[in-house]
$ cat target_28.pdb   # PDB, C-alpha atoms and all ligand atoms
MODEL        1
ATOM      1  CA  MET A   1      97.517 112.301 128.185
ATOM      2  CA  ALA A   2      93.737 112.175 128.068
ATOM      3  CA  ARG A   3      90.969 111.960 130.592
ATOM      4  CA  ILE A   4      88.949 108.823 129.841
ATOM      5  CA  GLY A   5      85.696 107.453 131.252
ATOM      6  CA  PHE A   6      85.447 103.640 131.130
ATOM      7  CA  VAL A   7      82.253 101.723 131.915
ATOM      8  CA  GLY A   8      82.070  97.909 132.073
ATOM      9  CA  LEU A   9      85.079  96.315 133.786
ATOM     10  CA  GLY A  10      84.503  92.612 133.117
ATOM     11  CA  ASN A  11      86.870  90.013 131.668
ATOM     12  CA  MET A  12      87.696  92.331 128.763
ATOM     13  CA  GLY A  13      87.002  95.849 130.075
ATOM     14  CA  GLY A  14      89.002  95.376 133.300
ATOM     15  CA  PRO A  15      92.360  94.729 131.631
ATOM     16  CA  MET A  16      91.623  97.275 128.852
ATOM     17  CA  ALA A  17      91.054 100.032 131.447
ATOM     18  CA  ARG A  18      94.210  99.007 133.316
ATOM     19  CA  ASN A  19      96.233  99.238 130.080
ATOM     20  CA  LEU A  20      94.938 102.776 129.481
ATOM     21  CA  ALA A  21      96.004 103.770 133.015
ATOM     22  CA  ARG A  22      99.379 102.071 132.493
ATOM     23  CA  ALA A  23      99.847 104.181 129.337
ATOM     24  CA  GLY A  24      99.527 107.293 131.527
ATOM     25  CA  HIS A  25      95.887 108.281 130.898
ATOM     26  CA  GLU A  26      93.564 109.446 133.686
ATOM     27  CA  VAL A  27      90.920 106.711 133.662
ATOM     28  CA  ARG A  28      87.703 107.114 135.667
ATOM     29  CA  VAL A  29      85.923 103.767 135.882
ATOM     30  CA  PHE A  30      82.459 102.441 136.697
ATOM     31  CA  ASP A  31      80.866  98.989 136.799
ATOM     32  CA  LEU A  32      77.687  97.710 138.460
ATOM     33  CA  ALA A  33      79.916  95.248 140.367
ATOM     34  CA  PRO A  34      81.920  97.091 143.080
ATOM     35  CA  ALA A  35      84.562  94.303 143.037
ATOM     36  CA  ALA A  36      85.296  95.061 139.367
ATOM     37  CA  ILE A  37      85.929  98.732 140.229
ATOM     38  CA  ALA A  38      88.201  97.728 143.111
ATOM     39  CA  ALA A  39      90.234  95.503 140.753
ATOM     40  CA  ALA A  40      90.899  98.339 138.269
ATOM     41  CA  THR A  41      94.469  99.055 139.359
ATOM     42  CA  GLY A  42      95.698 102.548 138.512
ATOM     43  CA  CYS A  43      92.174 103.825 137.697
ATOM     44  CA  ILE A  44      89.993 106.295 139.598
ATOM     45  CA  PRO A  45      86.658 104.902 140.899
ATOM     46  CA  ALA A  46      83.535 106.798 139.778
ATOM     47  CA  ALA A  47      80.147 106.804 141.533
ATOM     48  CA  SER A  48      78.101 106.173 138.376
ATOM     49  CA  ALA A  49      78.451 105.847 134.603
ATOM     50  CA  ALA A  50      77.572 109.535 134.196
ATOM     51  CA  ASP A  51      80.175 110.452 136.822
ATOM     52  CA  ALA A  52      82.838 108.483 134.899
ATOM     53  CA  ALA A  53      81.851 110.289 131.672
ATOM     54  CA  THR A  54      81.701 113.852 133.027
ATOM     55  CA  GLY A  55      84.581 115.992 131.761
ATOM     56  CA  ALA A  56      86.189 113.127 129.819
ATOM     57  CA  ALA A  57      87.670 113.548 126.337
ATOM     58  CA  PHE A  58      86.894 109.894 125.534
ATOM     59  CA  VAL A  59      84.211 107.642 127.004
ATOM     60  CA  ILE A  60      84.442 103.890 126.465
ATOM     61  CA  THR A  61      81.891 101.161 127.149
ATOM     62  CA  MET A  62      82.618  97.397 127.260
ATOM     63  CA  LEU A  63      79.289  95.799 128.139
ATOM     64  CA  PRO A  64      77.674  92.389 127.516
ATOM     65  CA  ALA A  65      74.981  93.069 124.880
ATOM     66  CA  GLY A  66      72.999  95.659 122.899
ATOM     67  CA  LYS A  67      70.414  96.285 125.613
ATOM     68  CA  HIS A  68      73.123  97.179 128.140
ATOM     69  CA  VAL A  69      74.763  99.524 125.625
ATOM     70  CA  ARG A  70      71.457 101.263 124.798
ATOM     71  CA  ASP A  71      70.590 101.574 128.516
ATOM     72  CA  ALA A  72      74.032 102.902 129.422
ATOM     73  CA  TRP A  73      74.134 105.569 126.698
ATOM     74  CA  LEU A  74      70.483 106.522 126.249
ATOM     75  CA  GLY A  75      68.843 105.374 129.496
ATOM     76  CA  THR A  76      68.102 107.242 132.682
ATOM     77  CA  GLY A  77      71.780 107.211 133.691
ATOM     78  CA  GLY A  78      72.306 110.106 131.265
ATOM     79  CA  MET A  79      75.774 109.052 130.164
ATOM     80  CA  ALA A  80      75.488 110.417 126.609
ATOM     81  CA  ALA A  81      74.480 113.837 127.989
ATOM     82  CA  ALA A  82      77.267 113.756 130.584
ATOM     83  CA  ALA A  83      79.789 112.956 127.856
ATOM     84  CA  ALA A  84      78.887 115.957 125.665
ATOM     85  CA  GLY A  85      81.857 116.891 123.451
ATOM     86  CA  ALA A  86      83.728 113.655 124.069
ATOM     87  CA  VAL A  87      84.528 110.942 121.527
ATOM     88  CA  LEU A  88      82.274 108.012 122.474
ATOM     89  CA  ILE A  89      83.610 104.497 121.841
ATOM     90  CA  ASP A  90      81.585 101.325 122.335
ATOM     91  CA  CYS A  91      83.849  98.259 122.301
ATOM     92  CA  SER A  92      81.100  95.727 123.148
ATOM     93  CA  THR A  93      80.004  93.145 120.569
ATOM     94  CA  ILE A  94      76.402  94.070 119.739
ATOM     95  CA  ASP A  95      73.980  94.071 116.805
ATOM     96  CA  VAL A  96      74.538  96.487 113.939
ATOM     97  CA  GLY A  97      71.084  98.066 114.369
ATOM     98  CA  THR A  98      71.635  99.058 118.004
ATOM     99  CA  ALA A  99      75.142 100.334 117.205
ATOM    100  CA  ARG A 100      73.711 102.645 114.530
ATOM    101  CA  GLU A 101      70.804 103.734 116.749
ATOM    102  CA  VAL A 102      73.052 104.682 119.674
ATOM    103  CA  ALA A 103      75.566 106.486 117.417
ATOM    104  CA  GLU A 104      72.916 108.551 115.596
ATOM    105  CA  GLY A 105      73.723 112.255 115.968
ATOM    106  CA  ARG A 106      76.727 111.581 118.205
ATOM    107  CA  ARG A 107      80.498 111.697 117.784
ATOM    108  CA  MET A 108      80.610 107.960 118.300
ATOM    109  CA  LEU A 109      82.544 104.890 117.157
ATOM    110  CA  ASP A 110      81.539 101.235 117.315
ATOM    111  CA  ALA A 111      84.825  99.443 117.961
ATOM    112  CA  PRO A 112      84.339  95.750 118.789
ATOM    113  CA  VAL A 113      87.446  93.686 119.343
ATOM    114  CA  SER A 114      88.922  90.296 118.679
ATOM    115  CA  GLY A 115      91.804  88.727 120.561
ATOM    116  CA  GLY A 116      90.003  87.578 123.715
ATOM    117  CA  THR A 117      91.062  88.087 127.308
ATOM    118  CA  MET A 118      94.736  87.429 126.472
ATOM    119  CA  GLY A 119      94.610  90.185 123.865
ATOM    120  CA  ALA A 120      92.966  92.483 126.420
ATOM    121  CA  GLU A 121      95.667  91.715 129.015
ATOM    122  CA  ASN A 122      98.546  92.107 126.551
ATOM    123  CA  ALA A 123      97.147  95.207 124.783
ATOM    124  CA  SER A 124      97.247  93.263 121.506
ATOM    125  CA  LEU A 125      93.543  93.420 120.551
ATOM    126  CA  THR A 126      92.299  93.952 117.009
ATOM    127  CA  PHE A 127      89.784  96.815 116.804
ATOM    128  CA  MET A 128      87.284  96.944 113.910
ATOM    129  CA  VAL A 129      85.878 100.439 113.883
ATOM    130  CA  GLY A 130      82.818 102.124 112.410
ATOM    131  CA  GLY A 131      82.042 105.836 112.568
ATOM    132  CA  PRO A 132      83.186 109.265 111.367
ATOM    133  CA  GLU A 133      86.767 109.659 110.093
ATOM    134  CA  GLU A 134      87.446 112.598 112.433
ATOM    135  CA  ALA A 135      86.421 110.647 115.566
ATOM    136  CA  PHE A 136      88.445 107.659 114.373
ATOM    137  CA  ALA A 137      91.571 109.796 113.957
ATOM    138  CA  ALA A 138      91.098 111.312 117.430
ATOM    139  CA  ALA A 139      90.585 107.883 119.019
ATOM    140  CA  GLN A 140      93.531 106.189 117.328
ATOM    141  CA  PRO A 141      96.111 106.780 120.135
ATOM    142  CA  ILE A 142      93.584 105.647 122.757
ATOM    143  CA  LEU A 143      92.811 102.414 120.900
ATOM    144  CA  ALA A 144      96.545 101.890 120.308
ATOM    145  CA  ALA A 145      97.071 101.690 124.085
ATOM    146  CA  MET A 146      94.774  98.630 124.149
ATOM    147  CA  GLY A 147      95.424  96.974 120.794
ATOM    148  CA  LYS A 148      97.857  96.343 117.963
ATOM    149  CA  THR A 149      95.651  96.283 114.846
ATOM    150  CA  ILE A 150      93.118  99.057 114.297
ATOM    151  CA  VAL A 151      91.007  99.002 111.123
ATOM    152  CA  HIS A 152      88.539 101.702 110.108
ATOM    153  CA  CYS A 153      85.797  99.690 108.390
ATOM    154  CA  GLY A 154      83.410 102.485 107.392
ATOM    155  CA  ALA A 155      80.451 104.440 108.765
ATOM    156  CA  ALA A 156      78.546 103.750 112.027
ATOM    157  CA  GLY A 157      77.855 100.022 112.459
ATOM    158  CA  ALA A 158      80.653  98.925 110.100
ATOM    159  CA  GLY A 159      82.813  97.681 112.991
ATOM    160  CA  GLN A 160      79.981  95.462 114.258
ATOM    161  CA  ALA A 161      79.317  94.304 110.692
ATOM    162  CA  ALA A 162      82.968  93.234 110.310
ATOM    163  CA  LYS A 163      82.892  91.439 113.654
ATOM    164  CA  ALA A 164      79.696  89.510 112.758
ATOM    165  CA  CYS A 165      81.103  88.451 109.357
ATOM    166  CA  ASN A 166      84.496  87.455 110.803
ATOM    167  CA  ASN A 167      83.075  85.389 113.647
ATOM    168  CA  MET A 168      80.560  83.632 111.399
ATOM    169  CA  LEU A 169      83.472  82.658 109.162
ATOM    170  CA  LEU A 170      85.504  81.538 112.182
ATOM    171  CA  ALA A 171      82.675  79.329 113.506
ATOM    172  CA  ILE A 172      82.156  77.706 110.105
ATOM    173  CA  SER A 173      85.887  77.054 109.670
ATOM    174  CA  MET A 174      86.194  75.678 113.214
ATOM    175  CA  ILE A 175      83.308  73.255 112.634
ATOM    176  CA  GLY A 176      84.845  72.232 109.287
ATOM    177  CA  THR A 177      88.244  71.672 110.906
ATOM    178  CA  ALA A 178      86.705  69.648 113.742
ATOM    179  CA  GLU A 179      84.724  67.508 111.261
ATOM    180  CA  ALA A 180      87.908  66.775 109.303
ATOM    181  CA  PHE A 181      89.598  65.492 112.493
ATOM    182  CA  VAL A 182      86.540  63.381 113.407
ATOM    183  CA  LEU A 183      86.573  61.788 109.942
ATOM    184  CA  ALA A 184      90.353  61.269 110.169
ATOM    185  CA  GLU A 185      89.880  59.440 113.487
ATOM    186  CA  LYS A 186      87.326  57.093 111.878
ATOM    187  CA  LEU A 187      89.725  56.479 108.983
ATOM    188  CA  GLY A 188      92.615  55.633 111.304
ATOM    189  CA  LEU A 189      94.585  58.739 110.324
ATOM    190  CA  SER A 190      96.541  60.388 113.170
ATOM    191  CA  HIS A 191      95.836  63.966 114.228
ATOM    192  CA  GLN A 192      99.433  64.883 113.480
ATOM    193  CA  ALA A 193      99.323  63.382 109.973
ATOM    194  CA  LEU A 194      96.191  65.326 109.035
ATOM    195  CA  PHE A 195      97.670  68.476 110.567
ATOM    196  CA  ASP A 196     100.979  68.093 108.698
ATOM    197  CA  VAL A 197      99.161  67.693 105.380
ATOM    198  CA  ALA A 198      96.254  70.178 105.765
ATOM    199  CA  SER A 199      98.340  72.937 107.373
ATOM    200  CA  LYS A 200     100.456  73.000 104.201
ATOM    201  CA  SER A 201      97.577  72.342 101.766
ATOM    202  CA  SER A 202      94.404  74.007 100.569
ATOM    203  CA  GLY A 203      92.558  73.096 103.811
ATOM    204  CA  GLN A 204      94.811  75.471 105.766
ATOM    205  CA  CYS A 205      93.008  77.983 108.016
ATOM    206  CA  TRP A 206      93.435  79.784 111.370
ATOM    207  CA  ALA A 207      91.164  77.283 113.179
ATOM    208  CA  LEU A 208      93.608  74.556 112.173
ATOM    209  CA  THR A 209      97.044  76.160 112.398
ATOM    210  CA  THR A 210      96.619  78.506 115.394
ATOM    211  CA  TYR A 211      93.693  77.068 117.317
ATOM    212  CA  CYS A 212      93.739  73.367 116.455
ATOM    213  CA  PRO A 213      90.652  71.693 118.040
ATOM    214  CA  VAL A 214      92.468  68.458 118.951
ATOM    215  CA  PRO A 215      95.401  68.182 121.394
ATOM    216  CA  GLY A 216      98.941  67.797 120.110
ATOM    217  CA  PRO A 217      99.706  69.618 116.853
ATOM    218  CA  VAL A 218      99.438  73.190 118.255
ATOM    219  CA  PRO A 219     100.604  73.126 121.904
ATOM    220  CA  THR A 220      99.065  76.536 122.757
ATOM    221  CA  SER A 221      95.530  75.674 121.597
ATOM    222  CA  PRO A 222      92.778  75.194 124.255
ATOM    223  CA  ALA A 223      92.445  71.507 123.237
ATOM    224  CA  ASN A 224      95.653  70.926 125.238
ATOM    225  CA  ARG A 225      94.103  72.255 128.461
ATOM    226  CA  ASP A 226      90.768  70.440 128.377
ATOM    227  CA  TYR A 227      89.127  73.276 126.400
ATOM    228  CA  VAL A 228      89.393  75.922 129.115
ATOM    229  CA  PRO A 229      88.621  79.165 127.189
ATOM    230  CA  GLY A 230      90.050  81.016 125.246
ATOM    231  CA  PHE A 231      86.859  82.060 123.611
ATOM    232  CA  ALA A 232      83.836  80.518 125.293
ATOM    233  CA  ALA A 233      81.279  78.650 123.150
ATOM    234  CA  SER A 234      78.485  80.761 124.697
ATOM    235  CA  LEU A 235      80.122  83.914 123.265
ATOM    236  CA  MET A 236      80.420  82.258 119.857
ATOM    237  CA  GLU A 237      76.729  81.344 120.039
ATOM    238  CA  LYS A 238      75.953  84.994 120.835
ATOM    239  CA  ASP A 239      78.045  86.251 117.892
ATOM    240  CA  LEU A 240      76.448  83.754 115.493
ATOM    241  CA  GLY A 241      73.043  84.990 116.672
ATOM    242  CA  LEU A 242      74.091  88.562 115.833
ATOM    243  CA  ALA A 243      75.261  87.411 112.380
ATOM    244  CA  GLN A 244      71.926  85.680 111.724
ATOM    245  CA  GLN A 245      70.043  88.764 112.942
ATOM    246  CA  ALA A 246      72.046  90.825 110.410
ATOM    247  CA  ALA A 247      71.445  88.228 107.672
ATOM    248  CA  THR A 248      67.697  88.292 108.288
ATOM    249  CA  ALA A 249      67.615  92.090 108.369
ATOM    250  CA  THR A 250      69.478  92.385 105.057
ATOM    251  CA  GLY A 251      68.094  89.310 103.250
ATOM    252  CA  ALA A 252      71.567  87.714 102.970
ATOM    253  CA  GLU A 253      71.635  83.956 102.326
ATOM    254  CA  THR A 254      73.914  82.399 104.990
ATOM    255  CA  PRO A 255      72.891  78.718 105.209
ATOM    256  CA  LEU A 256      76.201  77.606 106.769
ATOM    257  CA  GLY A 257      76.043  80.480 109.258
ATOM    258  CA  ALA A 258      72.536  79.361 110.232
ATOM    259  CA  HIS A 259      73.691  75.773 110.620
ATOM    260  CA  ALA A 260      76.733  76.856 112.655
ATOM    261  CA  LEU A 261      74.372  78.708 115.017
ATOM    262  CA  ALA A 262      72.184  75.591 115.388
ATOM    263  CA  LEU A 263      75.242  73.451 116.204
ATOM    264  CA  TYR A 264      76.669  75.925 118.737
ATOM    265  CA  ARG A 265      73.224  76.348 120.327
ATOM    266  CA  ARG A 266      73.047  72.558 120.791
ATOM    267  CA  PHE A 267      76.591  72.505 122.187
ATOM    268  CA  VAL A 268      75.680  75.211 124.721
ATOM    269  CA  GLU A 269      72.400  73.449 125.654
ATOM    270  CA  GLU A 270      74.352  70.238 126.264
ATOM    271  CA  GLY A 271      76.544  72.070 128.789
ATOM    272  CA  GLY A 272      79.482  73.210 126.615
ATOM    273  CA  GLY A 273      78.831  76.958 126.917
ATOM    274  CA  GLY A 274      81.594  77.633 129.437
ATOM    275  CA  THR A 275      84.194  75.644 127.515
ATOM    276  CA  ASP A 276      86.223  76.854 124.565
ATOM    277  CA  PHE A 277      84.371  77.005 121.228
ATOM    278  CA  SER A 278      86.890  74.580 119.701
ATOM    279  CA  GLY A 279      85.502  71.938 122.101
ATOM    280  CA  ILE A 280      82.598  71.459 119.670
ATOM    281  CA  VAL A 281      84.770  68.653 118.246
ATOM    282  CA  ARG A 282      83.679  66.553 121.251
ATOM    283  CA  MET A 283      79.997  66.977 120.357
ATOM    284  CA  LEU A 284      80.698  66.208 116.697
ATOM    285  CA  ARG A 285      82.277  62.874 117.702
ATOM    286  CA  GLY A 286      78.785  61.923 118.945
TER     287      GLY A 286
HETATM  288  P1  LIG B 301      81.747  90.390 131.222
HETATM  289  O1  LIG B 301      80.392  89.846 131.474
HETATM  290  O2  LIG B 301      82.947  89.749 131.848
HETATM  291  O3  LIG B 301      81.774  91.954 131.638
HETATM  292  C1  LIG B 301      80.719  92.843 131.471
HETATM  293  C2  LIG B 301      80.776  93.858 132.620
HETATM  294  O4  LIG B 301      79.803  94.862 132.393
HETATM  295  C3  LIG B 301      80.470  93.226 133.989
HETATM  296  O5  LIG B 301      81.503  93.532 134.897
HETATM  297  C4  LIG B 301      79.139  93.889 134.386
HETATM  298  O6  LIG B 301      79.021  94.086 135.787
HETATM  299  C5  LIG B 301      79.232  95.205 133.649
HETATM  300  N1  LIG B 301      77.964  95.858 133.391
HETATM  301  C6  LIG B 301      76.835  95.335 132.836
HETATM  302  N2  LIG B 301      75.898  96.300 132.703
HETATM  303  C7  LIG B 301      76.449  97.459 133.177
HETATM  304  C8  LIG B 301      75.987  98.805 133.298
HETATM  305  N3  LIG B 301      74.757  99.161 132.901
HETATM  306  N4  LIG B 301      76.820  99.723 133.840
HETATM  307  C9  LIG B 301      78.065  99.368 134.242
HETATM  308  N5  LIG B 301      78.561  98.123 134.140
HETATM  309  C10 LIG B 301      77.762  97.171 133.628
HETATM  310  O7  LIG B 301      81.912  90.418 129.626
HETATM  311  P2  LIG B 301      83.284  90.458 128.784
HETATM  312  O8  LIG B 301      83.778  89.086 128.551
HETATM  313  O9  LIG B 301      84.182  91.502 129.367
HETATM  314  O10 LIG B 301      82.713  90.934 127.358
HETATM  315  C11 LIG B 301      82.326  92.281 127.120
HETATM  316  C12 LIG B 301      81.983  92.419 125.646
HETATM  317  O11 LIG B 301      83.122  92.063 124.852
HETATM  318  C13 LIG B 301      80.835  91.496 125.176
HETATM  319  O12 LIG B 301      80.039  92.195 124.268
HETATM  320  C14 LIG B 301      81.570  90.331 124.513
HETATM  321  O13 LIG B 301      80.786  89.700 123.517
HETATM  322  C15 LIG B 301      82.770  91.056 123.920
HETATM  323  N6  LIG B 301      83.951  90.204 123.691
HETATM  324  C16 LIG B 301      84.367  89.320 124.647
HETATM  325  C17 LIG B 301      85.489  88.521 124.413
HETATM  326  C18 LIG B 301      85.976  87.535 125.454
HETATM  327  O14 LIG B 301      86.814  86.687 125.114
HETATM  328  N7  LIG B 301      85.509  87.618 126.698
HETATM  329  C19 LIG B 301      86.185  88.646 123.196
HETATM  330  C20 LIG B 301      85.781  89.594 122.260
HETATM  331  C21 LIG B 301      84.644  90.375 122.520
ENDMDL
END
$ encode --input "target_28.pdb" --output "structure tokens" --more "lines below"
Ligand code: NAD
Amino acid sequence: MARIGFVGLGNMGGPMARNLARAGHEVRVFDLAPAAIAAATGCIPAASAADAATGAAFVITMLPAGKHVRDAWLGTGGMAAAAAGAVLIDCSTIDVGTAREVAEGRRMLDAPVSGGTMGAENASLTFMVGGPEEAFAAAQPILAAMGKTIVHCGAAGAGQAAKACNNMLLAISMIGTAEAFVLAEKLGLSHQALFDVASKSSGQCWALTTYCPVPGPVPTSPANRDYVPGFAASLMEKDLGLAQQAATATGAETPLGAHALALYRRFVEEGGGGTDFSGIVRMLRG
């Protein structure tokens, strides 16, 4: 069993750290919010991020955005220095550029996740990982205690690249699915009829069959609980922003990605940010 430092115990990091402790690892945890440290059952409280990292074989961060990740690793807290020799794993969703900058010259993996808070609770997350093969191999059993699917995507930044591409695709397919239901409503076609046809036809996609944006056809989808997240629209807006940042930096043409960002930005501005991202169907109804 390994000694692990874990920094950032929010909606995702809290349950991920608890799963590592449950798997028998010694997990030393830190968060700026004392209540988050207190809630980390089975973990050992640390006095600072550097304290959590000192002497650990693996150090994990799960923080909101790129600036927090850069500050935590490279800032005055000195966490990267304290973690000398360890495998460093950043699980936050951040921009590719910052992921590469922070990893430069370090034994570090970018390992963003999908699967949401349920996946974090149930240790069924998908990890998309960028970084050196040797660090990936060493980290595999640690990631396996928090997730089910672990994919090595390539060199530093490749995990964040995969996350940005996947979530841009998800947003576009969710908007497309929602538009199809809005048109069906206008045409007098029932939700169930469209679902029964499209889920077995060429319109089939995850946004329809697993996460249907209207109540009824998929009982577990957030549409059946008044769009309580799930995956909040504000997080989707953030991820679409990261995808557009990457598109601009690389000169990739992503007109639908840009339009998806504009629509989610409007949805968030109109007060939908705290609701599930599938709730954009309500805005599309006008
Ligand atoms: P959160 O806001 O619930 O948690 C972030 C935690 O980091 C907070 O507890 C905060 O106090 C702590 N923190 C911030 N700066 C810190 C610092 N310098 N030192 C120590 N602690 C610090 O966020 P979350 O929902 O857990 O998301 C974390 C990351 O995972 C984000 O990048 C998000 O985009 C990504 N993500 C979230 C979900 C989801 O469904 N919530 C799904 C996939 C990926």
$ residues_around --input "target_28.pdb" --residues "Ala155 (chain A)" --least-positions-apart "4" --cutoff "7 Å" --atoms "all atoms listed in the file" --output "PyMOL selection string"
chain A and resi 130-132
$ closest_atom_pairs --input "target_28.pdb" --of "chain A" --to "ligand LIG 301 (chain B)" --cutoff "6 Å" --atoms "only C-alpha atoms and all ligand atoms" --output "Markdown table"
| residue | atom | partner | partner_atom | distance |
| --- | --- | --- | --- | --- |
| A:Val7 | CA | B:LIG301 | C9 | 5.3 |
| A:Gly8 | CA | B:LIG301 | O4 | 3.8 |
| A:Leu9 | CA | B:LIG301 | O5 | 4.7 |
| A:Gly10 | CA | B:LIG301 | O3 | 3.2 |
| A:Asn11 | CA | B:LIG301 | O9 | 3.8 |
| A:Met12 | CA | B:LIG301 | O9 | 3.7 |
| A:Gly13 | CA | B:LIG301 | O9 | 5.2 |
| A:Phe30 | CA | B:LIG301 | C9 | 5.9 |
| A:Asp31 | CA | B:LIG301 | N5 | 3.6 |
| A:Leu32 | CA | B:LIG301 | N5 | 4.4 |
| A:Ala33 | CA | B:LIG301 | O6 | 4.8 |
| A:Met62 | CA | B:LIG301 | C11 | 5.1 |
| A:Leu63 | CA | B:LIG301 | O4 | 4.4 |
| A:Pro64 | CA | B:LIG301 | O12 | 4.0 |
| A:Ala65 | CA | B:LIG301 | O12 | 5.2 |
| A:His68 | CA | B:LIG301 | N3 | 5.4 |
| A:Ala72 | CA | B:LIG301 | N3 | 5.2 |
| A:Ser92 | CA | B:LIG301 | O12 | 3.9 |
| A:Thr93 | CA | B:LIG301 | O12 | 3.8 |
| A:Val113 | CA | B:LIG301 | C20 | 5.3 |
| A:Ser114 | CA | B:LIG301 | C20 | 4.8 |
| A:Gly116 | CA | B:LIG301 | O14 | 3.6 |
| A:Thr117 | CA | B:LIG301 | O14 | 5.0 |
| A:Phe231 | CA | B:LIG301 | O14 | 4.9 |
| A:Leu235 | CA | B:LIG301 | O13 | 5.8 |
$ closest_residue --input "target_28.pdb" --among "A:Ala164, A:His25, A:Ala2, A:Gly216" --to "Gln244 (chain A)" --atoms "all atoms listed in the file"
A:Ala164
$ residues_around --input "target_28.pdb" --residues "Thr149 (chain A)" --least-positions-apart "3" --cutoff "10 Å" --atoms "all atoms listed in the file" --output "PyMOL selection string"
chain A and resi 113-114+124-128+143-144+146
$ closest_residue --input "target_28.pdb" --among "A:Ala111, A:Ala35, A:Gly257, A:His191" --to "Gln245 (chain A)" --atoms "all atoms listed in the file"
A:Gly257
$ atom_distance --input "target_28.pdb" --atom1 "CA of Ala207 (chain A)" --atom2 "CA of Gly159 (chain A)"
22.0 Å
$ resolve_selection --input "target_28.pdb" --expression "the PyMOL selection byres (((chain A and resi 166) around 12) and not hetatm)" --output "ChimeraX atom specification"
/A:112-114,126,128,159-165,167-173,206,236,239-240,242-243,257
$ atom_distance --input "target_28.pdb" --atom1 "CA of Gly272 (chain A)" --atom2 "CA of Ala260 (chain A)"
14.7 Å
